[in-house]
>>> print(open('my_file.csv').read())   # CSV, C-alpha atoms
chain,number,residue,atom,x,y,z
A,237,MET,CA,144.6,166.8,276.7
A,238,LYS,CA,142.2,168.7,274.5
A,239,ASP,CA,142.0,168.5,270.7
A,240,ARG,CA,142.9,164.8,270.7
A,241,HIS,CA,141.4,162.4,268.2
A,242,ILE,CA,138.1,161.1,269.4
A,243,GLU,CA,136.5,158.2,267.6
A,244,PRO,CA,132.8,158.9,267.4
A,245,PHE,CA,132.0,155.3,266.5
A,246,ILE,CA,133.8,152.1,266.2
A,247,GLY,CA,132.5,149.0,264.4
A,248,ASP,CA,130.3,148.4,261.5
A,249,PRO,CA,130.3,151.4,259.1
A,250,ALA,CA,126.6,150.8,258.7
A,251,ASP,CA,126.3,151.7,262.3
A,252,LYS,CA,126.8,155.4,261.5
A,253,PRO,CA,126.4,157.9,264.3
A,254,ASP,CA,123.2,159.8,264.0
A,255,GLU,CA,122.5,163.2,265.5
A,256,LEU,CA,121.7,161.8,268.9
A,257,ASP,CA,124.9,159.9,269.1
A,258,LEU,CA,127.0,163.0,268.2
A,259,ARG,CA,125.2,165.0,270.8
A,260,ILE,CA,125.8,162.4,273.4
A,261,ILE,CA,129.5,162.5,272.5
A,262,ARG,CA,129.5,166.3,272.5
A,263,GLY,CA,127.7,166.2,275.9
A,264,LEU,CA,130.2,163.8,277.4
A,265,LYS,CA,133.1,165.9,276.1
A,266,GLN,CA,131.6,169.1,277.6
A,267,LEU,CA,130.4,167.6,280.9
A,268,PRO,CA,131.1,170.3,283.4
A,269,ASP,CA,134.0,169.5,285.7
A,270,HIS,CA,133.5,170.1,289.4
A,271,GLU,CA,136.2,172.0,291.3
A,272,PRO,CA,137.8,169.8,293.9
A,273,PRO,CA,137.1,170.8,297.5
A,274,SER,CA,139.8,173.1,298.9
A,275,THR,CA,140.4,170.5,301.6
A,276,LEU,CA,141.7,167.9,299.2
A,277,PHE,CA,145.2,169.3,298.6
A,278,PRO,CA,146.1,170.0,302.3
A,279,SER,CA,144.7,166.6,303.4
A,280,VAL,CA,146.8,164.7,300.9
A,281,MET,CA,149.9,166.7,301.8
A,282,LEU,CA,149.4,166.3,305.5
A,283,ALA,CA,148.9,162.5,305.0
A,284,ILE,CA,152.1,162.1,303.0
A,285,GLN,CA,154.1,164.3,305.4
A,286,THR,CA,153.6,161.6,308.1
A,287,ARG,CA,155.0,159.1,305.6
A,288,ARG,CA,158.3,161.0,305.1
A,289,PRO,CA,161.1,158.4,305.0
A,290,SER,CA,164.1,158.6,307.3
A,291,TRP,CA,167.1,160.6,306.1
A,292,ILE,CA,169.0,157.4,305.5
A,293,LYS,CA,166.2,156.1,303.3
A,294,ARG,CA,166.0,159.5,301.5
A,295,VAL,CA,169.7,159.5,300.8
A,296,THR,CA,169.4,155.9,299.5
A,297,LEU,CA,166.5,156.9,297.3
A,298,TRP,CA,168.3,160.0,296.1
A,299,ALA,CA,171.3,157.9,295.2
A,300,GLN,CA,169.2,155.4,293.3
A,301,VAL,CA,167.6,157.9,291.0
A,302,PRO,CA,169.3,158.5,287.7
A,303,ARG,CA,170.3,162.1,287.1
A,304,SER,CA,171.3,164.1,284.1
A,305,ILE,CA,174.1,166.7,284.0
A,306,THR,CA,173.8,169.7,281.8
A,307,PHE,CA,177.1,170.9,280.5
A,308,THR,CA,177.3,174.5,279.1
A,309,PRO,CA,180.9,175.2,278.1
A,310,VAL,CA,180.6,179.0,278.3
A,311,ARG,CA,179.4,178.8,281.9
A,312,TRP,CA,182.3,176.5,282.8
A,313,VAL,CA,185.0,178.8,281.5
A,314,PRO,CA,185.5,180.7,284.8
A,315,ALA,CA,185.5,177.5,286.7
A,316,PHE,CA,187.9,175.9,284.3
A,317,ALA,CA,190.2,178.9,284.5
A,318,ALA,CA,190.1,178.8,288.3
A,319,PHE,CA,190.9,175.1,288.2
A,320,LEU,CA,193.9,175.7,286.0
A,321,VAL,CA,195.2,178.4,288.3
A,322,VAL,CA,194.9,176.1,291.3
A,323,ILE,CA,196.7,173.4,289.4
A,324,ILE,CA,199.5,175.8,288.4
A,325,LEU,CA,199.9,177.1,291.9
A,326,ALA,CA,199.9,173.6,293.3
A,327,VAL,CA,202.6,172.4,290.9
A,328,ALA,CA,204.7,175.5,291.7
A,329,PHE,CA,204.3,174.9,295.4
A,330,LEU,CA,205.2,171.3,295.2
A,331,SER,CA,208.2,172.1,293.0
A,332,ASP,CA,209.3,174.5,295.6
A,333,GLN,CA,209.0,171.9,298.3
A,334,ARG,CA,211.0,169.4,296.4
A,335,ALA,CA,213.8,171.9,295.4
A,336,PRO,CA,216.3,170.7,298.0
A,337,GLU,CA,216.2,167.3,296.5
A,338,ASN,CA,217.3,168.8,293.2
A,339,PRO,CA,220.3,170.8,294.1
A,340,VAL,CA,221.4,171.4,290.6
A,341,SER,CA,218.7,174.0,290.3
A,342,GLN,CA,220.1,175.8,293.4
A,343,GLN,CA,222.8,178.4,292.9
A,344,ASN,CA,224.4,178.2,296.4
A,345,LEU,CA,224.9,174.5,296.7
A,346,TYR,CA,228.2,172.7,296.0
A,347,PRO,CA,228.7,169.1,295.0
A,348,ILE,CA,230.7,167.3,297.7
A,349,VAL,CA,232.1,163.8,297.0
A,350,PHE,CA,232.2,161.6,300.0
A,351,ASN,CA,234.4,158.5,299.7
A,352,LEU,CA,235.0,155.7,302.2
A,353,THR,CA,237.8,153.2,301.5
A,354,GLY,CA,239.0,150.1,303.3
A,355,ALA,CA,235.7,149.4,305.1
A,356,GLU,CA,234.2,146.0,305.0
A,357,ALA,CA,230.5,146.6,304.7
A,358,ARG,CA,227.4,145.4,302.9
A,359,SER,CA,226.0,148.9,302.8
A,360,VAL,CA,227.2,152.4,303.8
A,361,SER,CA,225.2,155.6,304.3
A,362,ILE,CA,226.0,159.1,305.3
A,363,ILE,CA,224.3,160.7,308.3
A,364,GLY,CA,224.9,164.2,309.4
A,365,THR,CA,223.5,167.6,310.2
A,366,PHE,CA,222.5,168.1,306.6
A,367,ASN,CA,220.0,165.2,306.7
A,368,GLN,CA,219.1,165.3,310.4
A,369,TRP,CA,221.1,162.1,310.9
A,370,ASN,CA,218.7,160.2,308.8
A,371,PRO,CA,220.3,157.8,306.3
A,372,LYS,CA,217.3,157.4,304.1
A,373,GLY,CA,218.1,158.6,300.6
A,374,TYR,CA,221.8,159.0,301.4
A,375,GLU,CA,223.0,155.5,300.6
A,376,MET,CA,226.5,155.4,299.1
A,377,GLN,CA,227.3,153.3,296.0
A,378,TRP,CA,230.3,151.0,295.6
A,379,ASP,CA,232.7,152.4,293.0
A,380,ARG,CA,234.6,149.5,291.5
A,381,GLU,CA,237.3,151.8,289.9
A,382,LYS,CA,238.0,153.7,293.1
A,383,LYS,CA,237.4,150.6,295.2
A,384,ALA,CA,235.5,152.9,297.6
A,385,TRP,CA,232.0,153.7,298.8
A,386,SER,CA,231.1,156.9,297.2
A,387,LEU,CA,228.3,159.5,297.2
A,388,VAL,CA,227.9,163.1,295.9
A,389,ILE,CA,225.9,165.4,298.1
A,390,TRP,CA,225.0,169.0,297.3
A,391,LEU,CA,225.7,171.1,300.3
A,392,PRO,CA,225.5,174.8,301.2
A,393,LYS,CA,228.5,176.7,302.5
A,394,GLY,CA,229.1,176.3,306.2
A,395,ARG,CA,229.9,173.8,308.9
A,396,HIS,CA,228.6,170.3,308.6
A,397,GLU,CA,229.1,167.4,310.9
A,398,TYR,CA,228.7,163.9,309.6
A,399,ASN,CA,229.6,160.2,309.9
A,400,PHE,CA,229.3,157.0,307.9
A,401,LEU,CA,226.7,154.4,308.9
A,402,ILE,CA,228.0,150.9,308.2
A,403,ASP,CA,225.5,148.1,307.6
A,404,GLY,CA,222.8,150.3,309.2
A,405,ASN,CA,224.1,149.8,312.7
A,406,ARG,CA,227.7,150.9,313.1
A,407,VAL,CA,228.7,154.6,313.1
A,408,LEU,CA,232.2,155.4,311.7
A,409,PRO,CA,233.7,158.8,311.6
A,410,ASP,CA,235.3,159.7,308.3
A,411,PRO,CA,239.0,158.6,308.6
A,412,GLU,CA,240.0,161.2,306.1
A,413,ALA,CA,238.2,164.2,307.7
A,414,LEU,CA,240.4,167.1,308.5
A,415,MET,CA,238.5,167.9,311.6
A,416,LYS,CA,236.6,165.9,314.2
A,417,GLN,CA,234.5,166.9,317.1
A,418,ASP,CA,233.4,165.2,320.2
A,419,ASP,CA,229.6,164.5,320.0
A,420,GLY,CA,229.2,164.7,323.8
A,421,PHE,CA,228.4,161.0,324.1
A,422,GLY,CA,231.9,159.7,323.9
A,423,HIS,CA,232.1,159.5,320.1
A,424,GLN,CA,233.3,161.8,317.4
A,425,ASN,CA,231.7,163.4,314.5
A,426,SER,CA,233.5,164.3,311.3
A,427,VAL,CA,233.5,168.0,310.5
A,428,LEU,CA,233.4,169.6,307.1
A,429,ASN,CA,233.9,173.4,306.8
A,430,LEU,CA,232.8,174.3,303.4
A,431,ARG,CA,234.0,177.6,302.1
A,432,GLU,CA,234.1,178.9,298.6
A,433,GLU,CA,237.8,178.3,298.1
A,434,ASN,CA,237.7,174.8,299.5
A,435,GLY,CA,238.2,171.8,297.3
A,436,GLN,CA,235.2,169.8,296.2
A,437,THR,CA,236.5,166.4,297.2
A,438,ILE,CA,237.2,165.1,300.7
B,55,MET,CA,158.7,173.6,290.3
B,56,ASP,CA,155.3,174.2,288.7
B,57,HIS,CA,156.9,174.4,285.3
B,58,TRP,CA,158.7,171.1,285.6
B,59,ASP,CA,157.3,168.2,283.7
B,60,ASP,CA,156.0,165.2,285.6
B,61,GLN,CA,159.2,163.2,285.3
B,62,GLN,CA,161.3,166.0,286.8
B,63,VAL,CA,158.9,166.3,289.7
B,64,ILE,CA,158.9,162.6,290.3
B,65,ALA,CA,162.7,162.5,290.3
B,66,ALA,CA,162.6,165.2,293.0
B,67,ILE,CA,160.1,163.3,295.1
B,68,LEU,CA,162.1,160.1,294.8
B,69,GLY,CA,165.1,162.1,295.8
B,70,GLY,CA,163.4,162.9,299.1
B,71,ASP,CA,161.6,166.1,298.4
B,72,VAL,CA,158.2,165.2,299.8
B,73,ASP,CA,156.7,168.6,299.2
B,74,ALA,CA,157.3,168.3,295.5
B,75,TYR,CA,154.4,165.9,295.4
B,76,GLY,CA,152.2,168.9,295.9
B,77,THR,CA,152.9,169.9,292.3
B,78,LEU,CA,151.4,166.7,291.0
B,79,VAL,CA,148.4,166.9,293.4
B,80,ARG,CA,147.7,170.5,292.2
B,81,ARG,CA,148.1,169.4,288.6
B,82,TYR,CA,145.8,166.4,288.7
B,83,GLN,CA,143.3,166.9,291.6
B,84,LYS,CA,140.6,168.2,289.3
B,85,PRO,CA,140.4,165.2,286.9
B,86,ILE,CA,140.8,162.7,289.7
B,87,PHE,CA,138.1,164.3,291.8
B,88,ASN,CA,135.8,164.4,288.8
B,89,LEU,CA,136.5,160.8,288.0
B,90,MET,CA,135.6,159.9,291.5
B,91,TYR,CA,132.5,162.0,291.5
B,92,ARG,CA,131.3,160.5,288.3
B,93,MET,CA,132.0,157.0,289.5
B,94,THR,CA,130.2,157.4,292.9
B,95,GLY,CA,127.8,160.3,292.3
B,96,SER,CA,128.7,161.5,295.8
B,97,HIS,CA,130.7,164.6,296.6
B,98,ALA,CA,131.9,163.3,300.0
B,99,ASP,CA,132.9,159.9,298.6
B,100,ALA,CA,134.7,161.6,295.7
B,101,LEU,CA,136.7,163.6,298.2
B,102,ASP,CA,137.7,160.6,300.2
B,103,LEU,CA,138.5,158.5,297.2
B,104,SER,CA,140.6,161.3,295.6
B,105,GLN,CA,142.6,161.7,298.7
B,106,GLU,CA,143.2,158.0,299.1
B,107,THR,CA,144.2,157.7,295.4
B,108,PHE,CA,146.8,160.4,295.7
B,109,ILE,CA,148.2,158.8,298.9
B,110,LYS,CA,148.2,155.4,297.3
B,111,ALA,CA,150.0,156.8,294.2
B,112,TYR,CA,152.6,158.4,296.5
B,113,ASP,CA,153.2,155.1,298.3
B,114,LYS,CA,153.6,153.3,294.9
B,115,LEU,CA,155.7,156.0,293.3
B,116,ARG,CA,158.9,154.0,293.4
B,117,LEU,CA,157.2,151.4,291.2
B,118,PHE,CA,156.3,154.0,288.5
B,119,LYS,CA,158.3,153.5,285.4
B,120,THR,CA,159.6,157.0,284.6
B,121,ASP,CA,159.6,156.4,280.8
B,122,ARG,CA,155.7,156.3,281.0
B,123,LYS,CA,153.2,159.0,281.3
B,124,PHE,CA,152.3,159.8,284.9
B,125,PHE,CA,148.6,160.8,284.5
B,126,PRO,CA,147.3,157.5,282.9
B,127,TRP,CA,149.2,155.7,285.7
B,128,LEU,CA,147.6,157.8,288.4
B,129,TYR,CA,144.2,157.5,286.7
B,130,THR,CA,144.5,153.7,286.6
B,131,ILE,CA,145.1,153.7,290.4
B,132,GLY,CA,142.1,156.0,290.8
B,133,LEU,CA,139.9,153.7,288.7
B,134,ASN,CA,140.9,150.6,290.6
B,135,HIS,CA,140.3,152.3,293.8
B,136,ALA,CA,136.9,153.5,292.7
B,137,ARG,CA,135.9,150.0,291.5
B,138,ASN,CA,136.8,148.5,294.8
B,139,PHE,CA,134.8,151.2,296.6
B,140,ILE,CA,131.8,150.6,294.4
B,141,ARG,CA,132.1,146.8,294.8
B,142,HIS,CA,132.2,147.0,298.6
B,143,SER,CA,129.7,149.9,298.9
B,144,LYS,CA,126.6,148.9,300.6
B,145,SER,CA,124.5,151.8,299.3
B,146,ASN,CA,122.3,151.1,296.4
B,147,PRO,CA,123.0,153.1,293.3
B,148,VAL,CA,120.2,155.4,292.2
B,149,SER,CA,118.7,154.1,289.0
B,150,PHE,CA,118.1,156.3,286.1
B,151,SER,CA,114.4,155.4,285.9
B,152,GLU,CA,113.9,156.1,289.7
B,153,ASN,CA,114.7,159.7,289.1
B,154,LEU,CA,112.6,159.9,286.0
B,155,GLU,CA,109.9,162.1,287.5
B,156,GLU,CA,112.4,164.5,289.0
B,157,ASP,CA,114.2,164.8,285.7
B,158,ALA,CA,111.0,165.2,283.8
B,159,ARG,CA,109.9,168.0,286.1
B,160,PHE,CA,113.4,169.6,285.5
B,161,SER,CA,113.0,169.2,281.8
B,162,MET,CA,109.5,170.7,281.8
B,163,ALA,CA,110.6,173.6,283.9
B,164,HIS,CA,112.9,174.6,281.0
B,165,GLY,CA,110.1,174.4,278.6
B,166,THR,CA,111.5,171.9,276.1
B,167,GLU,CA,110.5,168.6,274.8
B,168,ASP,CA,114.0,167.5,273.8
B,169,PRO,CA,116.0,166.7,276.8
B,170,LEU,CA,119.3,166.9,274.9
B,171,SER,CA,118.8,170.2,273.3
B,172,THR,CA,119.0,172.4,276.3
B,173,GLN,CA,121.3,173.1,279.3
B,174,ILE,CA,119.8,170.1,281.0
B,175,GLU,CA,121.6,167.9,278.5
B,176,ALA,CA,124.6,167.6,280.9
B,177,HIS,CA,122.2,166.9,283.8
B,178,TYR,CA,120.6,164.0,281.9
B,179,LEU,CA,124.0,162.7,280.9
B,180,GLU,CA,125.3,162.8,284.4
B,181,LYS,CA,122.3,160.9,285.6
B,182,ALA,CA,122.6,158.4,282.8
B,183,LEU,CA,126.3,157.9,283.5
B,184,GLN,CA,125.7,157.1,287.2
B,185,THR,CA,123.4,154.2,286.2
B,186,LEU,CA,125.7,153.0,283.4
B,187,PRO,CA,127.5,149.8,284.5
B,188,THR,CA,130.9,150.7,285.9
B,189,GLU,CA,133.0,149.1,283.1
B,190,TYR,CA,131.1,151.1,280.4
B,191,ARG,CA,131.1,154.3,282.4
B,192,GLU,CA,134.9,154.1,282.8
B,193,ALA,CA,135.4,153.6,279.1
B,194,VAL,CA,133.1,156.4,277.8
B,195,LEU,CA,134.5,158.9,280.3
B,196,LEU,CA,138.1,158.0,279.5
B,197,HIS,CA,137.6,158.3,275.8
B,198,TYR,CA,135.1,161.1,275.3
B,199,HIS,CA,135.7,163.3,278.4
B,200,GLU,CA,139.3,162.7,279.4
B,201,GLU,CA,140.2,162.1,275.8
B,202,PHE,CA,142.6,159.2,276.3
B,203,SER,CA,143.6,157.3,273.2
B,204,MET,CA,142.3,153.8,272.7
B,205,GLU,CA,145.8,152.5,273.3
B,206,GLU,CA,145.9,154.3,276.7
B,207,ILE,CA,142.4,153.1,277.6
B,208,ALA,CA,143.4,149.5,276.7
B,209,GLU,CA,146.3,149.7,279.0
B,210,MET,CA,144.4,151.3,281.8
B,211,LEU,CA,141.5,148.9,281.6
B,212,GLN,CA,143.8,145.9,280.9
B,213,LEU,CA,142.1,145.2,277.6
B,214,SER,CA,143.2,144.7,274.0
B,215,VAL,CA,142.8,147.8,271.8
B,216,SER,CA,139.9,146.2,270.0
B,217,GLY,CA,138.4,145.3,273.4
B,218,ALA,CA,138.7,148.9,274.5
B,219,LYS,CA,137.0,150.1,271.3
B,220,MET,CA,134.2,147.7,271.8
B,221,ARG,CA,133.8,148.8,275.5
B,222,VAL,CA,133.6,152.4,274.4
B,223,HIS,CA,131.2,151.7,271.6
B,224,ARG,CA,128.8,149.6,273.8
B,225,GLY,CA,129.0,152.2,276.6
B,226,LEU,CA,127.9,154.8,274.1
B,227,GLY,CA,125.1,152.5,272.8
B,228,LYS,CA,123.8,151.9,276.3
B,229,LEU,CA,123.8,155.6,277.0
B,230,ARG,CA,121.8,156.1,273.9
B,231,GLU,CA,119.3,153.4,274.9
B,232,MET,CA,118.8,155.0,278.3
B,233,ILE,CA,118.1,158.4,276.9
B,234,LEU,CA,115.8,157.1,274.2
B,235,GLY,CA,114.1,154.8,276.7
B,236,LYS,CA,113.6,157.8,278.9
B,237,ASN,CA,112.2,159.8,276.1
B,238,ASP,CA,109.8,157.0,275.3
B,239,GLU,CA,108.7,157.0,278.9
B,240,ARG,CA,108.0,160.7,278.8
>>> encode(input="my_file.csv", output="structure tokens")
Amino acid sequence: MKDRHIEPFIGDPADKPDELDLRIIRGLKQLPDHEPPSTLFPSVMLAIQTRRPSWIKRVTLWAQVPRSITFTPVRWVPAFAAFLVVIILAVAFLSDQRAPENPVSQQNLYPIVFNLTGAEARSVSIIGTFNQWNPKGYEMQWDREKKAWSLVIWLPKGRHEYNFLIDGNRVLPDPEALMKQDDGFGHQNSVLNLREENGQTI
Amino acid sequence: MDHWDDQQVIAAILGGDVDAYGTLVRRYQKPIFNLMYRMTGSHADALDLSQETFIKAYDKLRLFKTDRKFFPWLYTIGLNHARNFIRHSKSNPVSFSENLEEDARFSMAHGTEDPLSTQIEAHYLEKALQTLPTEYREAVLLHYHEEFSMEEIAEMLQLSVSGAKMRVHRGLGKLREMILGKNDER
């Protein structure tokens, strides 16, 4: 606060400061400051410690205070690189998880066309061992040319059991299946043995 | 935290860091204590009033506008607190003339006829300040000792800038009259 402009006198220019005035001003400026007692600081801090607000109030106060964020691009390069790596890994992982839904990308899957003709139904789905008997996502489409319910499913080689689910509540074995097997509950499952030399349509 | 500016420290305090207030107390305890000492003339009263001023400022800190300077705000709280104390104080202030003989002896002991030409100049001024009416004492101390601008003084004393200038000018004139009057008495 030193070296600031001090106005020695204000008012009528005729009221010019004389030597005594200037010495009073100099004396005021140079008045010796007293050192505060050493007890002042601890007594203040002790007093305000007892006024410490609750943590809820402190969090509220903290949230109400505007804050500035300093952005230094160079410092953020490692963090940004790490973020990119995480994103790439996450995308790769998710792609891997979704792979079975995109069989074209798989080398050991074969497109099998399921058809159902002669069934009076509002909707038809396929349930089987390949979808844990869950019809969701395996709804067949009505093919007007073939006059049949139809769906292509990519399946790996091996033995698959399946049935059609009519209108969501009636199970019907594939009438054109070459093999059928008792399901142990008094009904039959259609069986598809998929080998490399087998045809693609059943 | 000592290198932080006042605004940063205040943000930390308002964010819940109570201990950060210590930075402001360390930074301003000396001018606040001296303000109180010069307003009351008592070491013990100055200590109490300084402590109370800092506590009061802490309690009001949420009301402080962070785009303003902290020290004038704190000083204003201190001034108001000192005024209240003086207003309610039952002790009679010591007058300049009552201590005349003591001062005169002091002056003579230093072998000078001009009380403002020696090291007792500060002593005379301190004595004169203590008998100066409060409103003038505040104004001359703020301007000539603490070196606040007229605009800051006007804000702190709730005056117009021209009113602050007049207050300082008259305060200085009264100091001059006291000292000259004292010389005449000698």
>>> atom_distance(input="my_file.csv", atom1="CA of Leu428 in chain A", atom2="CA of Leu352 in chain A")
14.8 Å
>>> interface_residues(input="my_file.csv", of="chain B", to="chain A", cutoff="9 Å", atoms="all atoms listed in the file", output="ChimeraX atom specification")
/B:65-73,75-76,79-80,83-88,91,97,100-102,104-106,108-109,112-113,170-171,175-177,179-180,194-195,197-204,219-220,222-223,226-227,229-230
>>> write_last_selection(input="my_file.csv", atoms="C-alpha atoms", output="JSON list (two decimals), keeping the file's coordinate frame")
[["chain", "number", "residue", "atom", "x", "y", "z"],
["B", 65, "ALA", "CA", 162.70, 162.50, 290.30],
["B", 66, "ALA", "CA", 162.60, 165.20, 293.00],
["B", 67, "ILE", "CA", 160.10, 163.30, 295.10],
["B", 68, "LEU", "CA", 162.10, 160.10, 294.80],
["B", 69, "GLY", "CA", 165.10, 162.10, 295.80],
["B", 70, "GLY", "CA", 163.40, 162.90, 299.10],
["B", 71, "ASP", "CA", 161.60, 166.10, 298.40],
["B", 72, "VAL", "CA", 158.20, 165.20, 299.80],
["B", 73, "ASP", "CA", 156.70, 168.60, 299.20],
["B", 75, "TYR", "CA", 154.40, 165.90, 295.40],
["B", 76, "GLY", "CA", 152.20, 168.90, 295.90],
["B", 79, "VAL", "CA", 148.40, 166.90, 293.40],
["B", 80, "ARG", "CA", 147.70, 170.50, 292.20],
["B", 83, "GLN", "CA", 143.30, 166.90, 291.60],
["B", 84, "LYS", "CA", 140.60, 168.20, 289.30],
["B", 85, "PRO", "CA", 140.40, 165.20, 286.90],
["B", 86, "ILE", "CA", 140.80, 162.70, 289.70],
["B", 87, "PHE", "CA", 138.10, 164.30, 291.80],
["B", 88, "ASN", "CA", 135.80, 164.40, 288.80],
["B", 91, "TYR", "CA", 132.50, 162.00, 291.50],
["B", 97, "HIS", "CA", 130.70, 164.60, 296.60],
["B", 100, "ALA", "CA", 134.70, 161.60, 295.70],
["B", 101, "LEU", "CA", 136.70, 163.60, 298.20],
["B", 102, "ASP", "CA", 137.70, 160.60, 300.20],
["B", 104, "SER", "CA", 140.60, 161.30, 295.60],
["B", 105, "GLN", "CA", 142.60, 161.70, 298.70],
["B", 106, "GLU", "CA", 143.20, 158.00, 299.10],
["B", 108, "PHE", "CA", 146.80, 160.40, 295.70],
["B", 109, "ILE", "CA", 148.20, 158.80, 298.90],
["B", 112, "TYR", "CA", 152.60, 158.40, 296.50],
["B", 113, "ASP", "CA", 153.20, 155.10, 298.30],
["B", 170, "LEU", "CA", 119.30, 166.90, 274.90],
["B", 171, "SER", "CA", 118.80, 170.20, 273.30],
["B", 175, "GLU", "CA", 121.60, 167.90, 278.50],
["B", 176, "ALA", "CA", 124.60, 167.60, 280.90],
["B", 177, "HIS", "CA", 122.20, 166.90, 283.80],
["B", 179, "LEU", "CA", 124.00, 162.70, 280.90],
["B", 180, "GLU", "CA", 125.30, 162.80, 284.40],
["B", 194, "VAL", "CA", 133.10, 156.40, 277.80],
["B", 195, "LEU", "CA", 134.50, 158.90, 280.30],
["B", 197, "HIS", "CA", 137.60, 158.30, 275.80],
["B", 198, "TYR", "CA", 135.10, 161.10, 275.30],
["B", 199, "HIS", "CA", 135.70, 163.30, 278.40],
["B", 200, "GLU", "CA", 139.30, 162.70, 279.40],
["B", 201, "GLU", "CA", 140.20, 162.10, 275.80],
["B", 202, "PHE", "CA", 142.60, 159.20, 276.30],
["B", 203, "SER", "CA", 143.60, 157.30, 273.20],
["B", 204, "MET", "CA", 142.30, 153.80, 272.70],
["B", 219, "LYS", "CA", 137.00, 150.10, 271.30],
["B", 220, "MET", "CA", 134.20, 147.70, 271.80],
["B", 222, "VAL", "CA", 133.60, 152.40, 274.40],
["B", 223, "HIS", "CA", 131.20, 151.70, 271.60],
["B", 226, "LEU", "CA", 127.90, 154.80, 274.10],
["B", 227, "GLY", "CA", 125.10, 152.50, 272.80],
["B", 229, "LEU", "CA", 123.80, 155.60, 277.00],
["B", 230, "ARG", "CA", 121.80, 156.10, 273.90]]
>>> residues_around(input="my_file.csv", residues="range 58-60 of chain B", least_positions_apart="4", cutoff="8 Å", atoms="all atoms listed in the file", output="JSON, numbers by chain")
{"B": [64, 78, 124]}
>>> atom_distance(input="my_file.csv", atom1="CA of Asn351 in chain A", atom2="CA of Asp418 in chain A")
21.6 Å
>>> residues_around(input="my_file.csv", residues="Thr353 in chain A", least_positions_apart="2", cutoff="12 Å", atoms="only C-alpha atoms", output="list in words")
Phe350, Asn351, Ala355, Glu356, Ala357, Val360, Met376, Gln377, Trp378, Asp379, Arg380, Glu381, Lys382, Lys383, Ala384, Trp385, Ser386, Phe400, Leu408, Asp410, Pro411, Glu412 and Ile438 of chain A
>>> atom_distance(input="my_file.csv", atom1="CA of Gly132 in chain B", atom2="CA of Val63 in chain B")
19.7 Å
>>> residues_around(input="my_file.csv", residues="range 137-144 of chain B", least_positions_apart="4", cutoff="9 Å", atoms="all atoms listed in the file", output="number ranges by chain")
B: 93-94, 103, 132-133, 188-189
>>> closest_residue(input="my_file.csv", among="B:Thr107, B:His57, B:Ala98, B:Tyr82", to="Ile131 in chain B", atoms="only C-alpha atoms")
B:Thr107
>>> residues_around(input="my_file.csv", residues="Lys372 in chain A", least_positions_apart="6", cutoff="12 Å", atoms="all atoms listed in the file", output="PyMOL selection string")
chain A and resi 360-364+401+404
>>> closest_residue(input="my_file.csv", among="A:Ala318, A:Ala328, A:Leu345, A:Ile292", to="Gly394 in chain A", atoms="all atoms listed in the file")
A:Leu345
>>> build_atoms(input="my_file.csv", residues="range 61-71 of chain B", atoms="N, CA and C atoms", output="PDB file, in the frame of the given file")
ATOM      1  N   GLN B  61     158.047 164.032 284.985  1.00  0.00           N
ATOM      2  CA  GLN B  61     159.200 163.200 285.300  1.00  0.00           C
ATOM      3  C   GLN B  61     160.201 163.891 286.190  1.00  0.00           C
ATOM      4  N   GLN B  62     160.388 165.200 285.966  1.00  0.00           N
ATOM      5  CA  GLN B  62     161.300 166.000 286.800  1.00  0.00           C
ATOM      6  C   GLN B  62     160.781 166.019 288.255  1.00  0.00           C
ATOM      7  N   VAL B  63     159.471 166.241 288.372  1.00  0.00           N
ATOM      8  CA  VAL B  63     158.900 166.300 289.700  1.00  0.00           C
ATOM      9  C   VAL B  63     159.024 164.982 290.430  1.00  0.00           C
ATOM     10  N   ILE B  64     158.775 163.903 289.691  1.00  0.00           N
ATOM     11  CA  ILE B  64     158.900 162.600 290.300  1.00  0.00           C
ATOM     12  C   ILE B  64     160.297 162.283 290.750  1.00  0.00           C
ATOM     13  N   ALA B  65     161.256 162.695 289.942  1.00  0.00           N
ATOM     14  CA  ALA B  65     162.700 162.500 290.300  1.00  0.00           C
ATOM     15  C   ALA B  65     162.955 163.234 291.637  1.00  0.00           C
ATOM     16  N   ALA B  66     162.402 164.443 291.771  1.00  0.00           N
ATOM     17  CA  ALA B  66     162.600 165.200 293.000  1.00  0.00           C
ATOM     18  C   ALA B  66     161.980 164.508 294.202  1.00  0.00           C
ATOM     19  N   ILE B  67     160.776 163.975 293.985  1.00  0.00           N
ATOM     20  CA  ILE B  67     160.100 163.300 295.100  1.00  0.00           C
ATOM     21  C   ILE B  67     160.887 162.057 295.516  1.00  0.00           C
ATOM     22  N   LEU B  68     161.306 161.284 294.525  1.00  0.00           N
ATOM     23  CA  LEU B  68     162.100 160.100 294.800  1.00  0.00           C
ATOM     24  C   LEU B  68     163.406 160.412 295.458  1.00  0.00           C
ATOM     25  N   GLY B  69     163.875 161.626 295.189  1.00  0.00           N
ATOM     26  CA  GLY B  69     165.100 162.100 295.800  1.00  0.00           C
ATOM     27  C   GLY B  69     164.920 162.562 297.231  1.00  0.00           C
ATOM     28  N   GLY B  70     163.684 162.495 297.738  1.00  0.00           N
ATOM     29  CA  GLY B  70     163.400 162.900 299.100  1.00  0.00           C
ATOM     30  C   GLY B  70     162.661 164.129 299.339  1.00  0.00           C
ATOM     31  N   ASP B  71     162.328 164.842 298.244  1.00  0.00           N
ATOM     32  CA  ASP B  71     161.600 166.100 298.400  1.00  0.00           C
ATOM     33  C   ASP B  71     160.088 165.783 298.417  1.00  0.00           C
TER      34      ASP B  71
END
